Every structure is written in C-alpha cells, then in structure tokens.
$ cat data_34.tsv   # TSV, C-alpha atoms
chain	number	residue	atom	x	y	z
A	367	MET	CA	-34.93	-3.68	46.77
A	368	SER	CA	-37.97	-3.45	44.59
A	369	THR	CA	-36.88	-0.07	43.25
A	370	ALA	CA	-33.50	-1.50	42.31
A	371	ILE	CA	-35.21	-4.19	40.26
A	372	LEU	CA	-37.34	-1.57	38.60
A	373	GLU	CA	-34.30	0.48	37.67
A	374	ALA	CA	-32.51	-2.55	36.30
A	375	GLN	CA	-35.36	-3.23	33.91
A	376	PRO	CA	-33.95	-2.71	30.42
A	377	ASP	CA	-35.76	-0.35	28.14
A	378	THR	CA	-37.43	-2.91	25.94
A	379	ALA	CA	-38.95	-0.45	23.51
A	380	VAL	CA	-36.75	-0.34	20.40
A	381	ARG	CA	-36.18	3.30	19.71
A	382	SER	CA	-35.47	4.76	16.35
A	383	PHE	CA	-33.63	8.00	15.76
A	384	THR	CA	-32.97	10.37	12.94
A	385	VAL	CA	-29.63	9.92	11.21
A	386	THR	CA	-28.26	12.43	8.74
A	387	PHE	CA	-26.54	11.03	5.69
A	388	LEU	CA	-24.33	13.13	3.45
A	389	ILE	CA	-24.15	11.36	0.12
A	390	ARG	CA	-21.80	12.34	-2.69
A	391	ARG	CA	-24.07	12.58	-5.72
A	392	PHE	CA	-23.00	12.73	-9.34
A	393	ASP	CA	-25.32	12.62	-12.33
A	394	PRO	CA	-23.26	12.71	-15.53
A	395	ASP	CA	-26.25	14.15	-17.43
A	396	PHE	CA	-26.47	17.29	-15.28
A	397	ASP	CA	-23.43	17.63	-13.03
A	398	THR	CA	-19.92	18.62	-14.00
A	399	GLU	CA	-18.63	18.01	-10.46
A	400	PRO	CA	-19.87	15.66	-7.73
A	401	ARG	CA	-21.90	17.38	-4.99
A	402	TRP	CA	-22.84	16.44	-1.44
A	403	GLN	CA	-26.53	16.05	-0.64
A	404	ASP	CA	-27.95	15.43	2.81
A	405	PHE	CA	-30.81	13.11	3.74
A	406	ASP	CA	-32.47	12.60	7.14
A	407	VAL	CA	-33.48	8.99	7.67
A	408	GLU	CA	-35.29	7.33	10.57
A	409	MET	CA	-33.11	4.41	11.59
A	410	TYR	CA	-32.80	1.68	14.22
A	411	PRO	CA	-29.39	0.93	15.71
A	412	THR	CA	-29.48	-2.53	14.15
A	413	ASP	CA	-30.12	-1.16	10.68
A	414	ARG	CA	-27.33	-1.10	8.15
A	415	VAL	CA	-26.11	1.71	5.91
A	416	LEU	CA	-27.62	-0.23	3.00
A	417	ASP	CA	-31.05	0.01	4.67
A	418	ALA	CA	-30.62	3.76	4.84
A	419	LEU	CA	-29.77	3.88	1.13
A	420	HIS	CA	-32.87	1.78	0.40
A	421	LYS	CA	-35.05	4.11	2.49
A	422	ILE	CA	-33.68	7.14	0.66
A	423	LYS	CA	-34.16	5.55	-2.74
A	424	TRP	CA	-37.64	4.19	-2.00
A	425	GLU	CA	-39.07	7.04	0.06
A	426	GLN	CA	-37.14	10.24	-0.68
A	427	ASP	CA	-35.18	10.30	-3.92
A	428	GLY	CA	-35.60	7.54	-6.46
A	429	SER	CA	-32.69	8.79	-8.53
A	430	LEU	CA	-30.09	7.71	-5.95
A	431	THR	CA	-27.96	5.12	-7.72
A	432	PHE	CA	-25.93	2.37	-6.08
A	433	ARG	CA	-25.09	-1.29	-6.63
A	434	ARG	CA	-26.23	-4.11	-4.41
A	435	SER	CA	-27.18	-7.69	-5.09
A	436	CYS	CA	-27.28	-10.11	-2.21
A	437	ALA	CA	-27.29	-7.50	0.57
A	438	HIS	CA	-25.59	-9.98	2.90
A	439	GLY	CA	-21.88	-9.41	2.43
A	440	ILE	CA	-21.24	-12.16	-0.12
A	441	CYS	CA	-21.64	-10.68	-3.58
A	442	GLY	CA	-19.32	-7.71	-3.04
A	443	SER	CA	-21.44	-5.22	-4.98
A	444	ASP	CA	-21.93	-2.47	-2.43
A	445	ALA	CA	-18.42	-1.48	-1.39
A	446	MET	CA	-18.38	2.25	-0.70
A	447	ARG	CA	-16.55	4.85	1.35
A	448	ILE	CA	-18.43	5.30	4.62
A	449	ASN	CA	-17.03	8.03	6.87
A	450	GLY	CA	-13.80	7.88	4.90
A	451	ARG	CA	-13.32	4.13	5.19
A	452	ASN	CA	-14.06	1.51	2.57
A	453	ARG	CA	-16.83	-0.73	3.84
A	454	LEU	CA	-19.66	-2.87	2.54
A	455	ALA	CA	-22.88	-0.91	3.09
A	456	CYS	CA	-24.66	-4.19	3.89
A	457	LYS	CA	-22.24	-5.05	6.72
A	458	THR	CA	-21.98	-1.63	8.37
A	459	LEU	CA	-24.42	-1.23	11.25
A	460	ILE	CA	-25.73	2.18	12.30
A	461	LYS	CA	-24.84	1.46	15.94
A	462	ASP	CA	-21.17	1.14	14.98
A	463	LEU	CA	-21.13	4.67	13.55
A	464	ASP	CA	-21.12	8.01	15.36
A	465	ILE	CA	-24.63	9.27	14.62
A	466	SER	CA	-24.13	12.56	16.47
A	467	LYS	CA	-22.47	13.68	13.25
A	468	PRO	CA	-23.61	13.17	9.65
A	469	ILE	CA	-22.56	9.92	8.06
A	470	TYR	CA	-20.59	10.51	4.87
A	471	VAL	CA	-21.20	8.05	2.06
A	472	GLU	CA	-19.39	8.25	-1.26
A	473	ALA	CA	-18.24	6.00	-4.08
A	474	ILE	CA	-14.95	4.11	-3.75
A	475	LYS	CA	-11.95	6.10	-4.94
A	476	GLY	CA	-9.48	5.47	-7.74
A	477	LEU	CA	-11.98	4.08	-10.25
A	478	PRO	CA	-13.89	6.22	-12.79
A	479	LEU	CA	-17.10	7.57	-11.24
A	480	GLU	CA	-20.15	6.76	-13.34
A	481	LYS	CA	-23.12	7.88	-11.25
A	482	ASP	CA	-23.65	8.57	-7.54
A	483	LEU	CA	-22.14	5.52	-5.78
A	484	VAL	CA	-21.47	3.51	-8.94
A	485	VAL	CA	-17.97	3.34	-10.40
A	486	ASP	CA	-16.58	1.68	-13.51
A	487	MET	CA	-15.09	-1.56	-12.22
A	488	GLU	CA	-13.43	-2.50	-15.51
A	489	PRO	CA	-9.86	-1.35	-14.63
A	490	PHE	CA	-10.18	-3.37	-11.42
A	491	PHE	CA	-11.28	-6.53	-13.21
A	492	ALA	CA	-8.70	-5.97	-15.96
A	493	SER	CA	-5.83	-6.28	-13.49
A	494	TYR	CA	-7.65	-9.21	-11.85
A	495	ARG	CA	-7.73	-11.03	-15.20
A	496	GLU	CA	-4.06	-10.30	-15.80
A	497	VAL	CA	-2.86	-12.45	-12.93
A	498	GLN	CA	-4.63	-15.45	-14.52
A	499	PRO	CA	-6.91	-16.28	-11.58
A	500	PHE	CA	-7.79	-19.81	-12.63
A	501	LEU	CA	-6.25	-23.23	-12.10
A	502	ILE	CA	-3.48	-24.03	-14.57
A	503	ALA	CA	-2.45	-27.66	-14.15
A	504	ASN	CA	-0.07	-29.59	-16.36
A	505	SER	CA	-1.18	-32.99	-15.08
A	506	GLN	CA	-4.51	-34.74	-15.25
A	507	PRO	CA	-6.02	-36.40	-12.20
A	508	GLU	CA	-6.66	-40.11	-12.53
A	509	PRO	CA	-9.91	-40.72	-14.38
A	510	GLY	CA	-12.82	-40.41	-11.99
A	511	LYS	CA	-10.64	-38.95	-9.24
A	512	GLU	CA	-10.19	-35.46	-7.86
A	513	ARG	CA	-6.95	-33.57	-7.35
A	514	VAL	CA	-6.13	-34.49	-3.77
A	515	GLN	CA	-4.78	-31.83	-1.44
A	516	SER	CA	-3.81	-32.17	2.20
A	517	ILE	CA	-5.42	-29.97	4.85
A	518	ALA	CA	-2.04	-28.41	5.62
A	519	LYS	CA	-1.44	-27.51	1.97
A	520	ARG	CA	-4.93	-25.99	1.74
A	521	GLU	CA	-4.34	-23.97	4.90
A	522	ILE	CA	-1.48	-22.03	3.26
A	523	PHE	CA	-3.76	-20.08	0.92
A	524	ASP	CA	-7.02	-20.40	2.85
A	525	ASP	CA	-7.15	-16.71	3.75
A	526	THR	CA	-6.99	-15.50	0.15
A	527	THR	CA	-9.78	-17.82	-1.05
A	528	LYS	CA	-12.25	-15.63	0.85
A	529	CYS	CA	-12.03	-12.69	-1.58
A	530	ILE	CA	-15.38	-11.52	-2.98
A	531	LEU	CA	-13.87	-8.98	-5.44
A	532	CYS	CA	-15.67	-6.01	-3.92
A	533	ALA	CA	-12.67	-3.71	-4.66
A	534	ALA	CA	-12.72	-2.27	-1.13
A	535	CYS	CA	-8.99	-3.04	-0.73
A	536	THR	CA	-7.80	-1.90	-4.14
A	537	SER	CA	-9.75	1.36	-3.95
A	538	SER	CA	-8.38	2.06	-0.44
A	539	CYS	CA	-4.78	1.83	-1.66
A	540	PRO	CA	-3.06	5.23	-2.00
A	541	VAL	CA	-0.70	3.86	-4.64
A	542	PHE	CA	-3.69	2.76	-6.72
A	543	TRP	CA	-5.31	6.21	-6.35
A	544	THR	CA	-2.43	8.00	-8.07
A	545	ASP	CA	-1.26	5.24	-10.39
A	546	GLY	CA	-3.99	3.13	-11.93
A	547	GLN	CA	-1.29	0.97	-13.52
A	548	TYR	CA	-0.57	-0.72	-10.18
A	549	PHE	CA	-2.15	-4.18	-10.04
A	550	GLY	CA	-3.71	-3.39	-6.68
A	551	PRO	CA	-4.22	-5.55	-3.61
A	552	ALA	CA	-7.19	-7.58	-4.89
A	553	ALA	CA	-5.36	-8.85	-7.99
A	554	ILE	CA	-2.35	-9.81	-5.86
A	555	VAL	CA	-4.61	-11.57	-3.33
A	556	ASN	CA	-6.16	-13.64	-6.12
A	557	ALA	CA	-2.73	-14.39	-7.58
A	558	HIS	CA	-1.65	-15.48	-4.08
A	559	ARG	CA	-4.60	-17.88	-3.96
A	560	PHE	CA	-3.19	-19.82	-6.96
A	561	ILE	CA	0.54	-19.23	-6.44
A	562	PHE	CA	0.41	-21.08	-3.13
A	563	ASP	CA	-1.98	-23.81	-4.36
A	564	ASP	CA	0.11	-26.97	-4.84
A	565	ARG	CA	-2.36	-28.29	-7.47
A	566	ASP	CA	-1.49	-25.35	-9.69
A	567	ASP	CA	1.57	-25.42	-11.96
A	568	ALA	CA	1.78	-21.80	-13.14
A	569	ALA	CA	3.08	-20.12	-9.98
A	570	SER	CA	6.22	-18.98	-11.82
A	571	VAL	CA	4.11	-17.35	-14.55
A	572	ARG	CA	2.13	-15.35	-11.99
A	573	LEU	CA	5.23	-14.45	-9.98
A	574	ASP	CA	6.75	-13.19	-13.22
A	575	ILE	CA	3.69	-11.05	-13.93
A	576	LEU	CA	3.78	-9.54	-10.43
A	577	ASN	CA	7.58	-9.06	-10.43
A	578	ASP	CA	7.02	-5.93	-12.46
A	579	LYS	CA	7.34	-2.19	-12.18
A	580	ASP	CA	3.61	-2.06	-11.48
A	581	GLY	CA	3.59	-5.27	-9.48
A	582	VAL	CA	4.12	-6.07	-5.81
A	583	TRP	CA	7.11	-3.73	-5.43
A	584	ARG	CA	4.83	-0.70	-5.56
A	585	CYS	CA	3.18	-1.83	-2.31
A	586	ARG	CA	4.08	0.55	0.55
A	587	THR	CA	2.62	-1.66	3.28
A	588	THR	CA	0.17	1.06	4.30
A	589	PHE	CA	-2.23	-1.64	5.58
A	590	ASN	CA	-5.24	0.31	4.21
A	591	CYS	CA	-6.24	-2.83	2.31
A	592	THR	CA	-6.16	-5.06	5.38
A	593	ASP	CA	-8.31	-2.52	7.23
A	594	ALA	CA	-10.76	-2.24	4.34
A	595	CYS	CA	-11.32	-5.93	3.60
A	596	PRO	CA	-14.88	-6.85	4.64
A	597	ARG	CA	-13.88	-10.53	4.67
A	598	GLY	CA	-11.02	-9.96	7.10
A	599	ILE	CA	-8.34	-11.13	4.68
A	600	GLU	CA	-4.84	-10.13	5.79
A	601	VAL	CA	-4.19	-8.51	2.43
A	602	THR	CA	-0.89	-6.80	3.22
A	603	LYS	CA	0.46	-10.06	4.62
A	604	ALA	CA	-0.54	-11.88	1.45
A	605	ILE	CA	1.27	-9.27	-0.65
A	606	ALA	CA	4.37	-9.66	1.54
A	607	GLU	CA	4.22	-13.44	1.03
A	608	VAL	CA	4.13	-12.92	-2.74
A	609	LYS	CA	7.18	-10.62	-2.46
A	610	GLN	CA	9.01	-13.33	-0.51
A	611	ALA	CA	8.03	-15.93	-3.11
A	612	ILE	CA	9.40	-13.74	-5.91
A	613	LEU	CA	12.71	-13.38	-4.04
A	614	ARG	CA	12.84	-17.16	-3.54
A	615	GLY	CA	11.79	-17.71	-7.15
A	616	GLN	CA	9.14	-20.22	-6.09
A	617	PRO	CA	6.15	-20.35	-3.72
B	398	MET	CA	-15.63	-30.11	-33.33
B	399	THR	CA	-15.80	-26.62	-31.93
B	400	VAL	CA	-12.52	-25.39	-30.56
B	401	ILE	CA	-12.90	-22.87	-27.81
B	402	GLU	CA	-10.04	-20.44	-28.00
B	403	SER	CA	-7.88	-19.71	-25.03
B	404	PRO	CA	-9.98	-17.08	-23.31
B	405	ARG	CA	-7.33	-14.93	-21.74
B	406	THR	CA	-4.27	-13.37	-23.21
B	407	PRO	CA	-2.11	-11.00	-21.21
B	408	ALA	CA	-3.49	-7.48	-21.44
B	409	ARG	CA	-0.20	-5.74	-20.83
B	410	PRO	CA	3.03	-6.54	-22.70
B	411	ALA	CA	5.30	-9.12	-21.16
B	412	PRO	CA	7.67	-7.55	-18.63
B	413	LYS	CA	10.92	-6.39	-20.16
B	414	ARG	CA	13.94	-8.53	-19.55
B	415	GLY	CA	17.02	-7.08	-17.91
B	416	VAL	CA	17.68	-5.66	-14.47
B	417	ASN	CA	14.52	-5.40	-12.42
B	418	TRP	CA	15.19	-2.04	-10.77
B	419	GLU	CA	11.99	-2.03	-8.73
B	420	LYS	CA	12.88	-5.36	-7.15
B	421	TRP	CA	16.48	-4.42	-6.45
B	422	GLY	CA	15.36	-1.03	-5.14
B	423	TRP	CA	13.02	-2.79	-2.73
B	424	ILE	CA	15.78	-5.15	-1.57
B	425	TYR	CA	18.26	-2.25	-1.28
B	426	MET	CA	15.92	-0.30	1.02
B	427	ARG	CA	15.72	-3.22	3.43
B	428	ALA	CA	19.39	-4.18	3.34
B	429	SER	CA	20.70	-0.61	3.61
B	430	GLY	CA	18.19	0.13	6.36
B	431	VAL	CA	19.60	-2.64	8.55
B	432	VAL	CA	23.22	-1.59	7.92
B	433	LEU	CA	22.37	2.08	8.51
B	434	ILE	CA	20.93	1.32	11.95
B	435	VAL	CA	24.34	-0.06	12.98
B	436	LEU	CA	26.32	2.72	11.26
B	437	ILE	CA	24.23	5.63	12.54
B	438	PHE	CA	23.93	4.45	16.12
B	439	GLY	CA	27.65	3.55	16.13
B	440	HIS	CA	28.36	7.06	14.84
B	441	LEU	CA	26.18	8.69	17.48
B	442	PHE	CA	27.65	6.52	20.25
B	443	THR	CA	31.30	7.27	19.43
B	444	ASN	CA	30.67	10.97	18.85
B	445	LEU	CA	28.32	11.77	21.71
B	446	MET	CA	28.85	9.24	24.47
B	447	VAL	CA	32.38	7.79	24.45
B	448	GLY	CA	35.06	9.68	26.41
B	449	GLU	CA	34.27	13.34	27.00
B	450	GLY	CA	31.06	12.99	25.03
B	451	VAL	CA	29.52	15.78	23.02
B	452	LYS	CA	31.93	18.40	24.43
B	453	ALA	CA	34.83	16.71	22.65
B	454	ILE	CA	33.51	17.50	19.19
B	455	ASP	CA	35.48	20.24	17.47
B	456	PHE	CA	37.51	20.71	14.32
B	457	GLY	CA	40.34	18.61	15.72
B	458	PHE	CA	37.99	15.75	16.70
B	459	VAL	CA	36.62	15.48	13.17
B	460	GLY	CA	40.09	15.88	11.68
B	461	GLY	CA	41.37	13.12	13.92
B	462	LYS	CA	38.58	10.75	12.92
B	463	TRP	CA	39.19	11.33	9.22
B	464	ALA	CA	42.88	10.60	9.64
B	465	ASP	CA	41.87	7.02	10.44
B	466	PRO	CA	40.94	4.80	7.44
B	467	PHE	CA	38.44	2.94	9.65
B	468	TRP	CA	36.36	6.08	10.27
B	469	GLN	CA	36.88	7.25	6.70
B	470	TRP	CA	35.23	4.08	5.39
B	471	TRP	CA	32.57	4.14	8.13
B	472	ASP	CA	31.55	7.67	7.19
B	473	VAL	CA	31.72	7.12	3.42
B	474	LEU	CA	29.60	3.99	3.74
B	475	MET	CA	27.10	5.91	5.84
B	476	LEU	CA	27.08	8.74	3.29
B	477	TRP	CA	26.43	6.51	0.28
B	478	LEU	CA	23.90	4.22	1.92
B	479	ALA	CA	21.93	7.02	3.56
B	480	LEU	CA	21.81	9.31	0.53
B	481	ILE	CA	20.77	6.56	-1.87
B	482	HIS	CA	18.28	5.23	0.69
B	483	GLY	CA	16.80	8.70	1.19
B	484	ALA	CA	16.76	9.59	-2.50
B	485	ASN	CA	15.11	6.29	-3.40
B	486	GLY	CA	12.51	6.87	-0.68
B	487	MET	CA	11.80	10.32	-2.09
B	488	ARG	CA	11.55	8.77	-5.55
B	489	THR	CA	8.77	6.47	-4.36
B	490	LEU	CA	7.00	9.52	-2.90
B	491	VAL	CA	7.27	11.25	-6.27
B	492	ASN	CA	5.84	8.13	-7.90
B	493	ASP	CA	2.98	8.10	-5.40
B	494	TYR	CA	2.05	11.76	-5.55
B	495	THR	CA	2.59	12.75	-9.20
B	496	SER	CA	1.33	11.29	-12.43
B	497	PRO	CA	3.81	10.30	-15.12
B	498	GLY	CA	4.91	13.30	-17.15
B	499	VAL	CA	7.37	16.17	-17.35
B	500	MET	CA	6.95	17.23	-13.71
B	501	GLN	CA	7.72	13.72	-12.50
B	502	LYS	CA	10.87	13.58	-14.64
B	503	VAL	CA	12.01	17.00	-13.35
B	504	LEU	CA	11.48	15.98	-9.71
B	505	LYS	CA	13.30	12.68	-10.15
B	506	GLY	CA	16.11	14.44	-12.02
B	507	ALA	CA	16.47	16.95	-9.18
B	508	LEU	CA	16.59	14.13	-6.63
B	509	PHE	CA	19.25	12.29	-8.61
B	510	ALA	CA	21.34	15.44	-9.07
B	511	ALA	CA	21.16	16.38	-5.38
B	512	ALA	CA	22.15	12.88	-4.25
B	513	ALA	CA	24.94	12.60	-6.84
B	514	VAL	CA	26.48	15.98	-5.97
B	515	LEU	CA	26.38	15.27	-2.23
B	516	ILE	CA	27.86	11.80	-2.66
B	517	VAL	CA	30.71	13.01	-4.87
B	518	LEU	CA	31.56	16.01	-2.68
B	519	GLY	CA	31.22	14.04	0.54
B	520	THR	CA	33.42	11.21	-0.69
B	521	LEU	CA	36.03	13.71	-1.89
B	522	VAL	CA	36.09	15.50	1.45
B	523	VAL	CA	36.30	12.37	3.60
B	524	PHE	CA	39.26	10.89	1.69
B	525	THR	CA	41.21	14.07	0.96
B	526	PHE	CA	40.60	15.97	4.18
B	527	ASP	CA	43.77	17.59	5.47
B	528	PRO	CA	43.36	19.65	8.67
B	529	CYS	CA	46.78	21.27	8.14
B	530	PRO	CA	47.04	22.13	4.42
B	531	ALA	CA	50.64	23.00	3.49
B	532	GLY	CA	51.35	26.64	2.73
B	533	SER	CA	48.35	28.05	4.60
B	534	PRO	CA	48.75	31.20	6.72
B	535	ALA	CA	49.59	30.16	10.27
B	536	ASP	CA	46.76	32.19	11.82
B	537	LEU	CA	44.16	30.18	9.88
B	538	LEU	CA	45.46	26.78	11.01
B	539	PRO	CA	44.21	24.97	14.10
B	540	SER	CA	46.54	24.93	17.09
B	541	PHE	CA	47.60	21.29	16.75
B	542	CYS	CA	49.21	21.78	13.31
B	543	GLU	CA	53.00	21.87	13.28
B	544	ALA	CA	53.06	25.05	11.21
B	545	ALA	CA	50.78	26.90	13.62

$ encode --input "data_34.tsv" --output "structure tokens"
Amino acid sequence: MSTAILEAQPDTAVRSFTVTFLIRRFDPDFDTEPRWQDFDVEMYPTDRVLDALHKIKWEQDGSLTFRRSCAHGICGSDAMRINGRNRLACKTLIKDLDISKPIYVEAIKGLPLEKDLVVDMEPFFASYREVQPFLIANSQPEPGKERVQSIAKREIFDDTTKCILCAACTSSCPVFWTDGQYFGPAAIVNAHRFIFDDRDDAASVRLDILNDKDGVWRCRTTFNCTDACPRGIEVTKAIAEVKQAILRGQP
Amino acid sequence: MTVIESPRTPARPAPKRGVNWEKWGWIYMRASGVVLIVLIFGHLFTNLMVGEGVKAIDFGFVGGKWADPFWQWWDVLMLWLALIHGANGMRTLVNDYTSPGVMQKVLKGALFAAAAVLIVLGTLVVFTFDPCPAGSPADLLPSFCEAA
C-alpha cells in the first residue's frame, strides 16, 4: 500500500529540456536567399515559442529579428509559420509541439520578406483598407444617445469582431500565395464585420467591392484560414456568408 | 474651420460593369455539380445495373440508346455540363498555380480548345449517330442492321 502511494507521487520537479529550433534567417544586407539556422534552447514545457525566440535573441544571437508587442495574443504582431502552420508565437506552447524533432520557425508566406521573421505587411493592410472597415452610417443617433443594437443583431457578426489583424489567415491561403491581388481572408472577415452590422448603411458598397474577380469568388474553401486563426474565428464560414449575401444582394 | 478630407479612397479601380464571370462561374459549378450527380449516377445505374447489367453493353446497346431522344438529351446534357464543369475547375487551378502572363493564357487557351472540340464532336456524334449507315459494306455492319 505504502509503495503504491510512493509510486503515485507526481514528479514535482519541473524539468527543462533542450529543444532544437530551425529558424529561417534572411538578412537583406548579406543574404541573397533565406537560409535555415539551428539553435538549441533550454525550455520548459510551459514555455512558448516566443520565449524561445527571446532566449535566442538575448543569449545567443542578437541579430535575430522578429515582431512582437504585447506577447499575449492580442496585438497580432508575432504571427509566424511554426512547423508549417501559421500560429502566434506567443500562444504556441512547447508542450504542444513534437520536440523529438527540430521545430521549424519561418516568416509567414505570401508577403514580401524583409528580414528573418519580419515581412512587409503593407499589401495585407492595403486590401484591409479597401473594404472600408469603418462604420458608415447615413443616420445620426438622437443627441446624447448611442446607436442601439439588439443582442441578437450583435450576435450575427460577433465572430468576426474578434480579428486582431495578425495576417495568419491571409498568409495561410494558397490563393493569396500565388495571386497577391486576392483580397484575402482577413479583409473579407473585416468586411463581414460591417456588412452584417445593422447600424451600418454601406453593406452594398462592400458587397460590390468583394463581388469582384479578386474578391470572394477566388476562395476555394481550403479552410487553411480557419485552422490558422489564433482567435478561433470561423473564417471560411464568414467568407461563405459574404458569398451568400452577394447572391442575395443584401446582408 | 479645418476640413479633414475623406481619409480613404478606393485603392483599386471600381469593378467593371457587365457580366460578372467569376460570380456566374462560381454559381455554375454548384448548380452543374448537383445536376451532374443525378445524370452520372442515372447513367451508371441504367448502363451497369438495370437488366443484364454490364454484360449488355455493346455496340448495339449504345446504338439503341442513341436512337431514343431521351437518352440523346441525357448524354448531351451530361457532356456539356461535365466538360464545362471540368474545364472551369482546371481554369481555377491554372489561376492558382501560375502567375498572370503568356503561360497562363496558353494554358487557358488549351483548356478552352480541348473542351470546345470535345463538346462539338460529342454533340455531333450523339445527334447524328447511325448504327447502320446506308451504302456501307455488309461485312462492316452490325448483325441487327437490315442490310447485314
């Protein structure tokens, strides 16, 4: 009996282990092509990939370049390709990865690579701006009052309000990889957020913008975007709802 | 008073008016897909399962089917819907895997030509098929022809 209790004792000592990271480096001053560089980092299972990047930058190679701001999955700065999947480095725990093999970390695809894990986000934000992601209302609320909206009406577009513009979805989309003209999932998600908002009066304008050769019809429902979204937005579903709205001619 | 200008103007030109081919292509794929399920499984069922089944298929079986306007229209509908459906699907693959340019135009042109030739020839055959063409040598005709 006593031995059984002894065996059941959990190993309370938190053990660290060495994890190998293969990081796709690119320094525009010296490199013509990106190259893979490996780093061994001492990690705890509860550490995140972002912690590993910090350790490398602070203790091994200060030239490693990546974006991060809040480090808690809100700002959307540190989207990157981790083991071939678009994830936020600050939300990916070491224990959720297979550490018996090296962990591959590279910049998100489909956007111009600037340095190491940093890409030029301008094409992404350009298509975001094009869908006019701001409230356009023809009426004024009564003086001193807000625009009232029922809970049910708010629920319709609740999912797409969660977007943090990290570009994980857009840069996981195979159509976006080959054709940068495609609006991409993130822009459509943010259009969806206003198209289905009953306080907004410009749904038809946005539907017109997305009813384009490079609009929603280029979506192949690959579901890469839904898988990539760190906020759990059902991106492909939102795109399908915009397609339906275009066919109806109204939200 | 300072007037703040409207901050955002569309970055890409307003979409061209006229037929929205991408939209209609998308709708066509879904509509033709549903119809093709009925047509193809109906085709397989009548050819492979009804009566003697697969053993019944020979020159005479096909000739008999194409003597009936019902099966003529069934097969022509299947031919048109399936070829356009397939060619349009291949077109989206070309769009996905090549960048705009000469190669993309050549590939799309080849797809269009292949589909057009097959549709024209297929339609011609289905509506003009005669298992017993007049004036043919008797030894080349199938046994059920009067001349044979």

$ interface_residues --input "data_34.tsv" --of "chain A" --to "chain B" --cutoff "12 Å" --atoms "all atoms listed in the file" --output "PyMOL selection string"
chain A and resi 489+491-500+539-549+571-586+606+609-610+612-613

$ residues_around --input "data_34.tsv" --residues "A:Ala604" --least-positions-apart "6" --cutoff "12 Å" --atoms "all atoms listed in the file" --output "mmCIF file with C-alpha atoms, in the coordinates of the input"
data_model
loop_
_atom_site.group_PDB
_atom_site.id
_atom_site.type_symbol
_atom_site.label_atom_id
_atom_site.label_comp_id
_atom_site.auth_asym_id
_atom_site.auth_seq_id
_atom_site.Cartn_x
_atom_site.Cartn_y
_atom_site.Cartn_z
ATOM 1 C CA ILE A 522 -1.480 -22.030 3.260
ATOM 2 C CA PHE A 523 -3.760 -20.080 0.920
ATOM 3 C CA ASP A 524 -7.020 -20.400 2.850
ATOM 4 C CA ASP A 525 -7.150 -16.710 3.750
ATOM 5 C CA THR A 526 -6.990 -15.500 0.150
ATOM 6 C CA THR A 527 -9.780 -17.820 -1.050
ATOM 7 C CA CYS A 529 -12.030 -12.690 -1.580
ATOM 8 C CA PRO A 551 -4.220 -5.550 -3.610
ATOM 9 C CA ALA A 552 -7.190 -7.580 -4.890
ATOM 10 C CA ALA A 553 -5.360 -8.850 -7.990
ATOM 11 C CA ILE A 554 -2.350 -9.810 -5.860
ATOM 12 C CA VAL A 555 -4.610 -11.570 -3.330
ATOM 13 C CA ASN A 556 -6.160 -13.640 -6.120
ATOM 14 C CA ALA A 557 -2.730 -14.390 -7.580
ATOM 15 C CA HIS A 558 -1.650 -15.480 -4.080
ATOM 16 C CA ARG A 559 -4.600 -17.880 -3.960
ATOM 17 C CA PHE A 560 -3.190 -19.820 -6.960
ATOM 18 C CA ILE A 561 0.540 -19.230 -6.440
ATOM 19 C CA PHE A 562 0.410 -21.080 -3.130
ATOM 20 C CA VAL A 582 4.120 -6.070 -5.810
ATOM 21 C CA CYS A 585 3.180 -1.830 -2.310
ATOM 22 C CA THR A 587 2.620 -1.660 3.280
ATOM 23 C CA PHE A 589 -2.230 -1.640 5.580
ATOM 24 C CA CYS A 591 -6.240 -2.830 2.310
ATOM 25 C CA THR A 592 -6.160 -5.060 5.380
ATOM 26 C CA GLN A 610 9.010 -13.330 -0.510
ATOM 27 C CA ALA A 611 8.030 -15.930 -3.110
ATOM 28 C CA PRO A 617 6.150 -20.350 -3.720
#

$ atom_distance --input "data_34.tsv" --atom1 "atom CA of B:Val523" --atom2 "atom CA of B:Trp463"
6.4 Å

$ residues_around --input "data_34.tsv" --residues "stretch 524-529 of chain B" --least-positions-apart "4" --cutoff "9 Å" --atoms "only C-alpha atoms" --output "list of chain:residue names"
B:Phe456, B:Gly457, B:Gly460, B:Gly461, B:Trp463, B:Ala464, B:Pro466, B:Gln469, B:Trp470, B:Val473, B:Gly519, B:Thr520, B:Ser533, B:Leu538, B:Pro539, B:Phe541, B:Cys542, B:Glu543, B:Ala544, B:Ala545

$ residues_near_point --input "data_34.tsv" --point "(-15.6, -10.8, -1.5)" --cutoff "6 Å" --atoms "only C-alpha atoms" --output "list in words"
Ile440, Gly442, Cys529, Ile530, Leu531 and Cys532 of chain A

$ atom_distance --input "data_34.tsv" --atom1 "atom CA of A:Gln506" --atom2 "atom CA of A:Ala569"
17.3 Å

$ atom_distance --input "data_34.tsv" --atom1 "atom CA of A:Gly450" --atom2 "atom CA of A:Thr384"
20.9 Å

$ residues_around --input "data_34.tsv" --residues "A:Asp417" --least-positions-apart "6" --cutoff "12 Å" --atoms "all atoms listed in the file" --output "VMD selection string"
chain A and resid 385 387 407 to 411 423 to 425 434 437 to 438 444 454 to 460

$ decode --input "data_34.tsv" --residues "stretch 398-414 of chain A" --atoms "C-alpha atoms" --output "PDB file, in the first residue's frame"
ATOM      1  CA  THR A 398      20.616  36.618 -51.473  1.00  0.00           C
ATOM      2  CA  GLU A 399      18.489  33.650 -50.375  1.00  0.00           C
ATOM      3  CA  PRO A 400      16.968  32.791 -46.990  1.00  0.00           C
ATOM      4  CA  ARG A 401      18.883  30.119 -45.046  1.00  0.00           C
ATOM      5  CA  TRP A 402      17.976  27.812 -42.173  1.00  0.00           C
ATOM      6  CA  GLN A 403      19.926  28.192 -38.939  1.00  0.00           C
ATOM      7  CA  ASP A 404      19.590  25.927 -35.919  1.00  0.00           C
ATOM      8  CA  PHE A 405      19.582  26.955 -32.264  1.00  0.00           C
ATOM      9  CA  ASP A 406      19.494  24.733 -29.158  1.00  0.00           C
ATOM     10  CA  VAL A 407      17.444  26.291 -26.387  1.00  0.00           C
ATOM     11  CA  GLU A 408      16.749  25.092 -22.853  1.00  0.00           C
ATOM     12  CA  MET A 409      12.980  25.165 -22.472  1.00  0.00           C
ATOM     13  CA  TYR A 410      10.191  24.221 -20.065  1.00  0.00           C
ATOM     14  CA  PRO A 411       7.067  22.545 -21.418  1.00  0.00           C
ATOM     15  CA  THR A 412       5.018  25.574 -20.396  1.00  0.00           C
ATOM     16  CA  ASP A 413       7.242  27.968 -22.311  1.00  0.00           C
ATOM     17  CA  ARG A 414       6.058  29.407 -25.583  1.00  0.00           C
TER      18      ARG A 414
END
